[in-house]
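Q: Sharing final_20.tsv below, TSV, C-alpha atoms:
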chain	number	residue	atom	x	y	z
A	1	MET	CA	3.23	-9.10	-21.49
A	2	GLY	CA	4.79	-7.59	-18.40
A	3	ARG	CA	5.53	-4.28	-16.86
A	4	TYR	CA	8.39	-3.16	-14.62
A	5	ILE	CA	7.81	-0.42	-12.07
A	6	HIS	CA	10.26	0.91	-9.53
A	7	GLN	CA	9.16	2.24	-6.15
A	8	SER	CA	11.57	3.89	-3.70
A	9	LYS	CA	11.36	5.15	-0.10
A	10	LEU	CA	11.73	1.71	1.53
A	11	ASN	CA	14.12	1.28	4.44
A	12	ASN	CA	17.47	-0.36	3.64
A	13	GLY	CA	20.28	-0.48	6.20
A	14	THR	CA	22.92	-1.60	3.69
A	15	THR	CA	23.76	1.91	2.48
A	16	LYS	CA	25.06	4.87	4.43
A	17	VAL	CA	23.65	7.43	2.01
A	18	ARG	CA	20.66	9.24	3.52
A	19	ILE	CA	18.07	10.83	1.26
A	20	ILE	CA	15.01	12.95	2.07
A	21	SER	CA	11.89	11.13	0.87
A	22	LYS	CA	8.73	12.72	-0.56
A	23	GLU	CA	7.23	12.62	2.92
A	24	GLY	CA	10.13	14.75	4.17
A	25	ARG	CA	11.65	11.98	6.27
A	26	LEU	CA	15.34	11.14	6.39
A	27	GLU	CA	15.73	7.47	5.60
A	28	PRO	CA	17.85	5.09	3.51
A	29	GLN	CA	16.12	3.90	0.35
A	30	ILE	CA	15.98	0.89	-1.94
A	31	ILE	CA	14.46	0.31	-5.37
A	32	VAL	CA	11.93	-2.49	-5.72
A	33	GLY	CA	11.24	-3.93	-9.18
A	34	LEU	CA	7.92	-5.74	-9.56
A	35	LEU	CA	7.07	-7.62	-12.76
A	36	VAL	CA	3.37	-8.27	-13.33
A	37	ASN	CA	1.31	-9.53	-16.26
A	38	GLU	CA	-1.35	-7.51	-18.07
A	39	LYS	CA	-3.90	-8.34	-15.37
A	40	GLY	CA	-1.65	-7.16	-12.53
A	41	PHE	CA	-0.74	-10.66	-11.28
A	42	PRO	CA	2.81	-10.61	-9.81
A	43	LEU	CA	5.44	-12.62	-11.69
A	44	ALA	CA	8.78	-11.65	-10.13
A	45	ILE	CA	10.31	-9.23	-7.64
A	46	SER	CA	13.82	-7.78	-7.27
A	47	SER	CA	15.51	-5.19	-5.07
A	48	PHE	CA	18.45	-2.85	-5.60
A	49	GLU	CA	20.32	-0.18	-3.69
A	50	GLY	CA	18.66	3.22	-3.89
A	51	ASN	CA	21.42	4.94	-5.88
A	52	GLN	CA	20.98	2.65	-8.92
A	53	ALA	CA	19.79	4.27	-12.17
A	54	GLU	CA	16.55	2.95	-13.64
A	55	THR	CA	18.23	1.53	-16.76
A	56	LYS	CA	20.73	-0.31	-14.54
A	57	THR	CA	17.89	-2.17	-12.81
A	58	LEU	CA	15.24	-2.49	-15.54
A	59	ILE	CA	17.21	-4.47	-18.14
A	60	PRO	CA	18.81	-6.99	-15.71
A	61	VAL	CA	15.39	-7.79	-14.21
A	62	LEU	CA	13.81	-8.29	-17.64
A	63	LYS	CA	16.72	-10.38	-18.92
A	64	LYS	CA	16.70	-12.65	-15.86
A	65	PHE	CA	12.95	-13.18	-16.07
A	66	LYS	CA	13.18	-13.90	-19.80
A	67	ARG	CA	16.00	-16.41	-19.24
A	68	ASP	CA	14.51	-18.12	-16.17
A	69	CYS	CA	11.05	-18.56	-17.71
A	70	GLY	CA	12.18	-19.35	-21.24
A	71	ILE	CA	10.09	-16.55	-22.75
A	72	LYS	CA	11.02	-15.33	-26.22
A	73	ASN	CA	9.03	-12.10	-26.38
A	74	ILE	CA	8.34	-9.59	-23.61
A	75	THR	CA	6.52	-6.27	-24.04
A	76	VAL	CA	7.29	-3.57	-21.49
A	77	VAL	CA	4.36	-1.22	-20.83
A	78	SER	CA	5.20	1.98	-18.98
A	79	ASP	CA	4.00	5.52	-18.35
A	80	ALA	CA	5.78	8.61	-19.68
A	81	ALA	CA	8.47	8.44	-16.97
A	82	MET	CA	10.26	5.84	-19.10
A	83	LEU	CA	10.02	7.91	-22.29
A	84	SER	CA	13.53	8.87	-23.34
A	85	ALA	CA	15.35	7.95	-26.53
A	86	GLU	CA	18.14	6.41	-24.41
A	87	ASN	CA	15.77	4.10	-22.51
A	88	LEU	CA	13.93	3.03	-25.66
A	89	ASP	CA	17.22	2.36	-27.49
A	90	ILE	CA	18.40	0.13	-24.64
A	91	LEU	CA	15.13	-1.85	-24.68
A	92	GLU	CA	15.30	-2.32	-28.45
A	93	GLU	CA	18.97	-3.35	-28.44
A	94	ASP	CA	18.13	-6.11	-25.96
A	95	GLY	CA	15.20	-7.37	-28.04
A	96	PHE	CA	12.28	-6.07	-25.98
A	97	LYS	CA	9.04	-4.63	-27.31
A	98	PHE	CA	7.46	-1.65	-25.58
A	99	ILE	CA	4.39	0.56	-25.26
A	100	VAL	CA	5.22	3.83	-23.50
A	101	GLY	CA	3.06	6.85	-22.74
A	102	SER	CA	4.13	9.99	-24.60
A	103	ARG	CA	4.40	13.48	-23.14
A	104	LEU	CA	2.89	16.15	-25.38
A	105	ALA	CA	5.09	19.25	-25.49
A	106	LYS	CA	2.95	20.61	-28.33
A	107	THR	CA	0.01	19.60	-30.49
A	108	PRO	CA	1.07	16.65	-32.73
A	109	TYR	CA	1.72	17.62	-36.37
A	110	ALA	CA	-0.81	15.10	-37.74
A	111	ILE	CA	-3.59	16.59	-35.62
A	112	LYS	CA	-2.63	20.15	-36.59
A	113	GLU	CA	-2.82	19.20	-40.28
A	114	TYR	CA	-6.15	17.46	-39.77
A	115	ARG	CA	-7.61	20.56	-38.12
A	116	LYS	CA	-6.36	22.75	-40.98
A	117	ALA	CA	-7.97	20.50	-43.58
A	118	LYS	CA	-11.20	20.06	-41.57
A	119	GLU	CA	-11.73	23.55	-40.20
A	120	SER	CA	-15.43	23.02	-39.52
A	121	GLU	CA	-14.95	19.61	-37.90
A	122	LYS	CA	-13.96	18.87	-34.32
A	123	LEU	CA	-12.11	15.77	-33.21
A	124	THR	CA	-14.54	12.94	-32.54
A	125	ASP	CA	-14.54	10.87	-29.37
A	126	GLY	CA	-12.04	8.01	-29.69
A	127	GLN	CA	-10.47	9.36	-32.90
A	128	ILE	CA	-7.00	7.88	-33.51
A	129	PHE	CA	-3.97	9.15	-35.46
A	130	ASP	CA	-1.27	6.58	-36.32
A	131	THR	CA	1.98	8.49	-36.98
A	132	THR	CA	5.78	8.32	-36.76
A	133	LYS	CA	8.22	10.59	-34.96
A	134	GLU	CA	11.99	11.11	-34.68
A	135	PHE	CA	13.68	10.30	-31.36
A	136	ILE	CA	17.24	11.57	-30.84
A	137	ASN	CA	19.50	9.79	-28.35
A	138	LYS	CA	21.28	12.62	-26.48
A	139	ILE	CA	24.26	10.40	-25.69
A	140	THR	CA	24.92	8.64	-29.01
A	141	ARG	CA	23.14	11.23	-31.22
A	142	LYS	CA	21.46	8.28	-32.92
A	143	ILE	CA	18.10	9.07	-34.58
A	144	ALA	CA	15.32	6.50	-34.51
A	145	ILE	CA	11.96	6.74	-36.27
A	146	ARG	CA	9.29	5.28	-34.01
A	147	ARG	CA	5.58	4.71	-34.25
A	148	VAL	CA	3.46	7.09	-32.17
A	149	ILE	CA	-0.31	6.66	-31.80
A	150	TYR	CA	-2.47	9.56	-30.62
A	151	GLN	CA	-6.06	9.27	-29.42
A	152	TYR	CA	-8.61	11.95	-28.54
A	153	LYS	CA	-11.15	11.24	-25.78
A	154	GLN	CA	-13.94	13.65	-24.84
A	155	GLN	CA	-13.90	12.64	-21.18
A	156	ARG	CA	-10.15	13.26	-20.99
A	157	ALA	CA	-10.65	16.63	-22.74
A	158	LYS	CA	-13.23	17.69	-20.14
A	159	LEU	CA	-10.81	16.88	-17.33
A	160	ASP	CA	-7.88	18.60	-19.09
A	161	LEU	CA	-9.92	21.75	-19.74
A	162	LEU	CA	-11.10	21.81	-16.13
A	163	ASN	CA	-7.48	21.71	-14.93
A	164	ILE	CA	-6.49	24.39	-17.46
A	165	HIS	CA	-9.30	26.64	-16.17
A	166	LYS	CA	-8.07	26.20	-12.59
A	167	GLN	CA	-4.51	27.08	-13.63
A	168	ILE	CA	-5.74	30.16	-15.50
A	169	LYS	CA	-7.58	31.36	-12.38
A	170	LYS	CA	-4.43	30.78	-10.34
A	171	ALA	CA	-2.39	32.83	-12.83
A	172	GLN	CA	-4.96	35.65	-12.77
A	173	MET	CA	-4.84	35.75	-8.96
A	174	GLN	CA	-1.06	35.99	-9.02
A	175	LEU	CA	-1.26	38.69	-11.70
A	176	SER	CA	-3.48	40.87	-9.52
A	177	ASP	CA	-1.46	40.27	-6.35
A	178	ASN	CA	2.08	41.64	-6.69
A	179	SER	CA	3.15	39.92	-3.47
A	180	MET	CA	2.58	36.49	-5.03
A	181	ILE	CA	5.67	35.46	-6.97
A	182	LYS	CA	5.17	31.69	-7.05
A	183	LYS	CA	5.67	29.95	-10.35
A	184	SER	CA	2.51	29.52	-12.42
A	185	ARG	CA	2.09	27.58	-15.65
A	186	PHE	CA	0.29	30.34	-17.56
A	187	LEU	CA	2.13	33.33	-16.10
A	188	LYS	CA	5.19	34.84	-17.79
A	189	ILE	CA	7.55	37.68	-16.95
A	190	VAL	CA	7.99	40.33	-19.68
A	191	ARG	CA	10.33	43.24	-18.91
A	192	SER	CA	9.93	42.69	-15.18
A	193	HIS	CA	6.12	42.66	-15.51
A	194	LYS	CA	3.84	39.66	-15.13
A	195	GLU	CA	1.54	38.72	-18.01
A	196	ILE	CA	-0.89	35.92	-18.80
A	197	ASN	CA	0.67	33.64	-21.43
A	198	GLN	CA	-2.21	33.50	-23.93
A	199	LYS	CA	-0.16	31.56	-26.48
A	200	LEU	CA	0.53	28.79	-23.98
A	201	ILE	CA	-3.14	28.68	-22.92
A	202	LYS	CA	-4.23	28.30	-26.56
A	203	GLU	CA	-1.71	25.47	-27.09
A	204	ALA	CA	-2.83	23.71	-23.91
A	205	LYS	CA	-6.48	23.84	-25.00
A	206	LEU	CA	-5.58	22.41	-28.42
A	207	LYS	CA	-3.86	19.46	-26.71
A	208	ALA	CA	-6.76	18.79	-24.33
A	209	GLY	CA	-8.02	15.23	-24.57
A	210	ILE	CA	-5.09	13.92	-26.62
A	211	LYS	CA	-2.93	11.07	-25.34
A	212	GLY	CA	0.13	9.62	-27.09
A	213	TYR	CA	1.59	6.10	-27.10
A	214	VAL	CA	5.08	5.23	-28.41
A	215	THR	CA	5.62	1.64	-29.51
A	216	ASN	CA	7.78	-0.65	-31.66
A	217	LEU	CA	4.96	-3.19	-32.03
A	218	ASP	CA	3.24	-3.87	-35.35
A	219	LEU	CA	-0.19	-4.38	-33.81
A	220	ASP	CA	-3.61	-2.86	-34.37
A	221	LYS	CA	-3.72	0.65	-32.87
A	222	GLU	CA	-6.73	-0.16	-30.68
A	223	GLU	CA	-4.83	-3.12	-29.20
A	224	ILE	CA	-1.86	-0.87	-28.40
A	225	ILE	CA	-4.10	1.61	-26.55
A	226	LYS	CA	-5.97	-1.15	-24.72
A	227	ALA	CA	-2.69	-2.73	-23.56
A	228	TYR	CA	-1.45	0.61	-22.20
A	229	HIS	CA	-4.63	1.25	-20.24
A	230	ASN	CA	-4.21	-2.10	-18.49
A	231	LEU	CA	-1.61	-0.24	-16.38
A	232	PHE	CA	-4.38	0.48	-13.88
A	233	GLN	CA	-4.09	-3.20	-12.90
A	234	VAL	CA	-0.41	-2.64	-12.13
A	235	GLU	CA	-1.17	0.40	-9.99
A	236	LYS	CA	-3.85	-1.64	-8.24
A	237	SER	CA	-1.26	-4.28	-7.28
A	238	PHE	CA	1.08	-1.60	-5.92
A	239	ARG	CA	-1.70	-0.01	-3.88
A	240	MET	CA	-2.54	-3.42	-2.42
A	241	ALA	CA	1.12	-4.06	-1.55
A	242	LYS	CA	1.48	-0.69	0.17
A	243	SER	CA	-1.86	-0.52	1.99
A	244	ASP	CA	-3.41	-3.96	2.54
A	245	LEU	CA	-0.11	-5.88	2.80
A	246	LYS	CA	1.99	-3.20	4.58
A	247	ALA	CA	4.98	-3.67	2.28
A	248	ARG	CA	6.50	-0.44	3.57
A	249	PRO	CA	8.16	0.88	5.56
A	250	ILE	CA	10.68	-1.91	6.09
A	251	PHE	CA	12.35	-1.95	9.51
A	252	HIS	CA	14.98	-4.61	8.74
A	253	GLN	CA	18.67	-3.74	8.56
A	254	THR	CA	20.29	-6.48	6.45
A	255	ARG	CA	19.81	-7.40	2.79
A	256	HIS	CA	18.80	-10.97	3.70
A	257	SER	CA	16.05	-9.75	6.03
A	258	ILE	CA	14.85	-7.10	3.57
A	259	GLU	CA	14.61	-9.63	0.74
A	260	ALA	CA	12.77	-12.06	3.03
A	261	HIS	CA	10.24	-9.31	3.85
A	262	LEU	CA	9.74	-8.54	0.15
A	263	THR	CA	9.35	-12.24	-0.69
A	264	ILE	CA	6.58	-12.60	1.91
A	265	CYS	CA	4.83	-9.49	0.59
A	266	PHE	CA	5.18	-10.78	-2.99
A	267	THR	CA	3.66	-14.14	-2.03
A	268	ALA	CA	0.83	-12.45	-0.15
A	269	LEU	CA	0.19	-10.21	-3.18
A	270	ALA	CA	-0.02	-13.25	-5.49
A	271	ILE	CA	-2.51	-14.97	-3.16
A	272	SER	CA	-4.52	-11.75	-2.76
A	273	ARG	CA	-4.74	-11.16	-6.51
A	274	TYR	CA	-5.81	-14.78	-7.00
A	275	ILE	CA	-8.57	-14.40	-4.40
A	276	GLN	CA	-9.76	-11.10	-5.88
A	277	ASP	CA	-9.76	-12.43	-9.44
A	278	ARG	CA	-11.73	-15.56	-8.49
A	279	THR	CA	-14.27	-13.94	-6.14
A	280	ASN	CA	-14.51	-10.42	-7.62
A	281	THR	CA	-14.20	-9.17	-4.02
A	282	SER	CA	-11.48	-6.88	-2.67
A	283	ILE	CA	-9.01	-8.58	-0.35
A	284	LYS	CA	-9.97	-6.12	2.40
A	285	LYS	CA	-13.65	-7.14	2.26
A	286	PHE	CA	-12.71	-10.81	1.90
A	287	VAL	CA	-10.65	-10.73	5.11
A	288	GLN	CA	-13.38	-8.81	6.95
A	289	ARG	CA	-15.94	-11.47	6.02
A	290	LEU	CA	-13.79	-14.46	7.00
A	291	LYS	CA	-11.95	-13.02	10.01
A	292	PRO	CA	-14.76	-13.72	12.52
A	293	LEU	CA	-14.80	-17.40	11.63
A	294	ARG	CA	-13.06	-19.45	14.34
A	295	THR	CA	-12.98	-23.10	15.32
A	296	VAL	CA	-13.03	-23.20	19.12
A	297	VAL	CA	-11.97	-26.10	21.36
A	298	ILE	CA	-13.77	-26.04	24.73
A	299	SER	CA	-12.45	-28.09	27.66
A	300	ILE	CA	-15.00	-29.19	30.28
A	301	GLY	CA	-13.46	-31.43	32.89
A	302	SER	CA	-11.65	-34.20	31.09
A	303	LYS	CA	-13.58	-33.78	27.87
A	304	GLU	CA	-12.95	-31.45	24.90
A	305	TYR	CA	-15.65	-30.17	22.58
A	306	THR	CA	-15.02	-28.60	19.19
A	307	ALA	CA	-17.30	-25.75	18.15
A	308	GLU	CA	-17.23	-25.23	14.39
A	309	PRO	CA	-17.94	-21.76	12.94
A	310	GLU	CA	-21.26	-21.11	11.26
A	311	ILE	CA	-20.71	-20.52	7.56
A	312	ASP	CA	-23.48	-18.47	5.98
A	313	GLN	CA	-24.49	-18.55	2.31
A	314	GLU	CA	-22.36	-15.55	1.28
A	315	ILE	CA	-19.17	-17.00	2.80
A	316	GLN	CA	-19.94	-20.40	1.30
A	317	ARG	CA	-20.32	-18.74	-2.09
A	318	LEU	CA	-16.85	-17.15	-1.75
A	319	LEU	CA	-15.31	-20.48	-0.70
A	320	ASP	CA	-16.95	-22.27	-3.63
A	321	LEU	CA	-15.50	-19.72	-6.05
A	322	LEU	CA	-12.02	-20.43	-4.66
A	323	ASN	CA	-12.42	-24.21	-4.87
Any chance you could give the structure as structure tokens?
A:
Amino acid sequence: MGRYIHQSKLNNGTTKVRIISKEGRLEPQIIVGLLVNEKGFPLAISSFEGNQAETKTLIPVLKKFKRDCGIKNITVVSDAAMLSAENLDILEEDGFKFIVGSRLAKTPYAIKEYRKAKESEKLTDGQIFDTTKEFINKITRKIAIRRVIYQYKQQRAKLDLLNIHKQIKKAQMQLSDNSMIKKSRFLKIVRSHKEINQKLIKEAKLKAGIKGYVTNLDLDKEEIIKAYHNLFQVEKSFRMAKSDLKARPIFHQTRHSIEAHLTICFTALAISRYIQDRTNTSIKKFVQRLKPLRTVVISIGSKEYTAEPEIDQEIQRLLDLLN
């Protein structure tokens, strides 16, 4: 199984288009595609000019990897940013399986019906609903029926309700202060007057704790959910590449130099993930522990003496795990 993620805001001198990044800086951009397995270990890396659409980069990367490695089946796992009928149609047409996070615009029908039938019962922690849903391709108008799995988690509900409470307080503050006209989730304008949107608050509370997963896999629902939540390993690899390995910003000006930089970062990421997986120690701590170790050659007159570093038990344990 693999996952493709794109990350922009890296320096690329091959395009003259200048875009303002999230940090507010003017800089050329590129798209970097990183393929990793379910444990976050890097498998392949690609780069594209920053004005390329996601579907124009995703499928070529997946096809090339599939062809080069002789793999028959690849499952793409992605967050809700990939969830559009057009993207899912393209993946299916090219023979790829997928697990994609689902945005909840409203409470799923299956859960509404369950609550009607079980008025005295609340959703239980970990409760799962295995359903289907229509997806309409806005371009081709094609309708596809896809499997959607919903799960309720109490811990997620607590966090969702906490955020809802904060947004309600924000809306109430804006309601009492006429000078505040910033957009608020739970504030609506009715006949030029601001009001708290109670209907939207009720709907948000009903959705609290529910997460959806769209897939074309015929696997056990728990396996689908478990596979999706392995995305934290992917995010971990990206954080390592950006922080520990200084993958960005890139100061090179030619495609050859940029790709060389990315290749070095990719190789370093693979080595780092290997070290972390074998030693169960972050690469930052691993480097801190081994950095002081030095073999020193001392010249006294015509003679040279080699002073070996002293390796303590903890460092020896790490080295043994890597052997």
Q: Counting all atoms listed in the file, what is within 8 Å of A:Leu104, bar same-chain residues fewer than 6 positions away, as a PDB file with C-alpha atoms, in the frame of the given file?
A:
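Final output, saved to out.pdb:
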ATOM      1  CA  LYS A 207      -3.860  19.460 -26.710  1.00  0.00           C
ATOM      2  CA  LYS A 211      -2.930  11.070 -25.340  1.00  0.00           C
ATOM      3  CA  GLY A 212       0.130   9.620 -27.090  1.00  0.00           C
TER       4      GLY A 212
END
Q: Select all residues near (-16.1, -25.1, 17.4) (cut-off 6 Å, inclusive, file coordinates), counting all atoms listed in the file, and output them as a VMD selection string.
A: chain A and resid 295 to 297 306 to 309
Q: What does the distance between atom CA of A:Phe98 and atom CA of A:Asn216 come to in Å, to one decimal place?
A: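 Taking atom CA of A:Phe98 and atom CA of A:Asn216, their separation equals 6.2 Å.
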Q: Please return as number ranges by chain every residue within 8 Å of (-6.6, 5.0, -31.7), taking into account all atoms listed in the file and the file's own coordinates.
A: A: 126-130, 149-152, 221-222, 225
Q: Give me the residues within 9 Å of A:Gln276 as a PyMOL selection string, counting only C-alpha atoms and dropping any in the same chain fewer than 6 places off.
A: chain A and resi 282-283+286
Q: So how many Å separate atom CA of A:Val287 and atom CA of A:Cys265, to one decimal?
A: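 The value is 16.2 Å.
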Q: Please produce, as CSV, a per-residue contact table for stretch 261-280 of chain A versus stretch 311-322 of chain A (criterion: any atom at most 8 Å away, only C-alpha atoms considered), showing the nearest atom pair and its distance in Å to one decimal, sorted by chain then residue number.
A:
residue,atom,partner,partner_atom,distance
A:Ile275,CA,A:Leu322,CA,7.0
A:Arg278,CA,A:Leu321,CA,6.1
A:Thr279,CA,A:Leu321,CA,5.9
Q: Using all atoms listed in the file for the distances, tell me which of A:Asp94, A:His165, A:Gly301, A:Asp68 is nearest to A:Arg185.
A: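 Smallest separation from A:Arg185 among the options: A:His165.
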Q: For A:Gly209, which residue out of A:Lys285, A:Lys153, A:Arg103, A:Lys122 is the nearest one, using all atoms listed in the file?
A: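 Among the listed residues, A:Lys153 lies closest to A:Gly209.
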Q: Smallest atom-to-atom distance to A:Asn137: which of A:Leu293, A:Ile45, A:Val36, A:Ala85, using only C-alpha atoms?
A: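 With only C-alpha atoms as the atom set, the closest residue is A:Ala85.
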Q: Which residue out of A:Ala105, A:Pro42, A:Thr263, A:Asp220 has the minimum interatomic distance to A:Leu200 when all atoms listed in the file are used?
A: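 Checking each candidate against A:Leu200, we get A:Ala105 as the closest.
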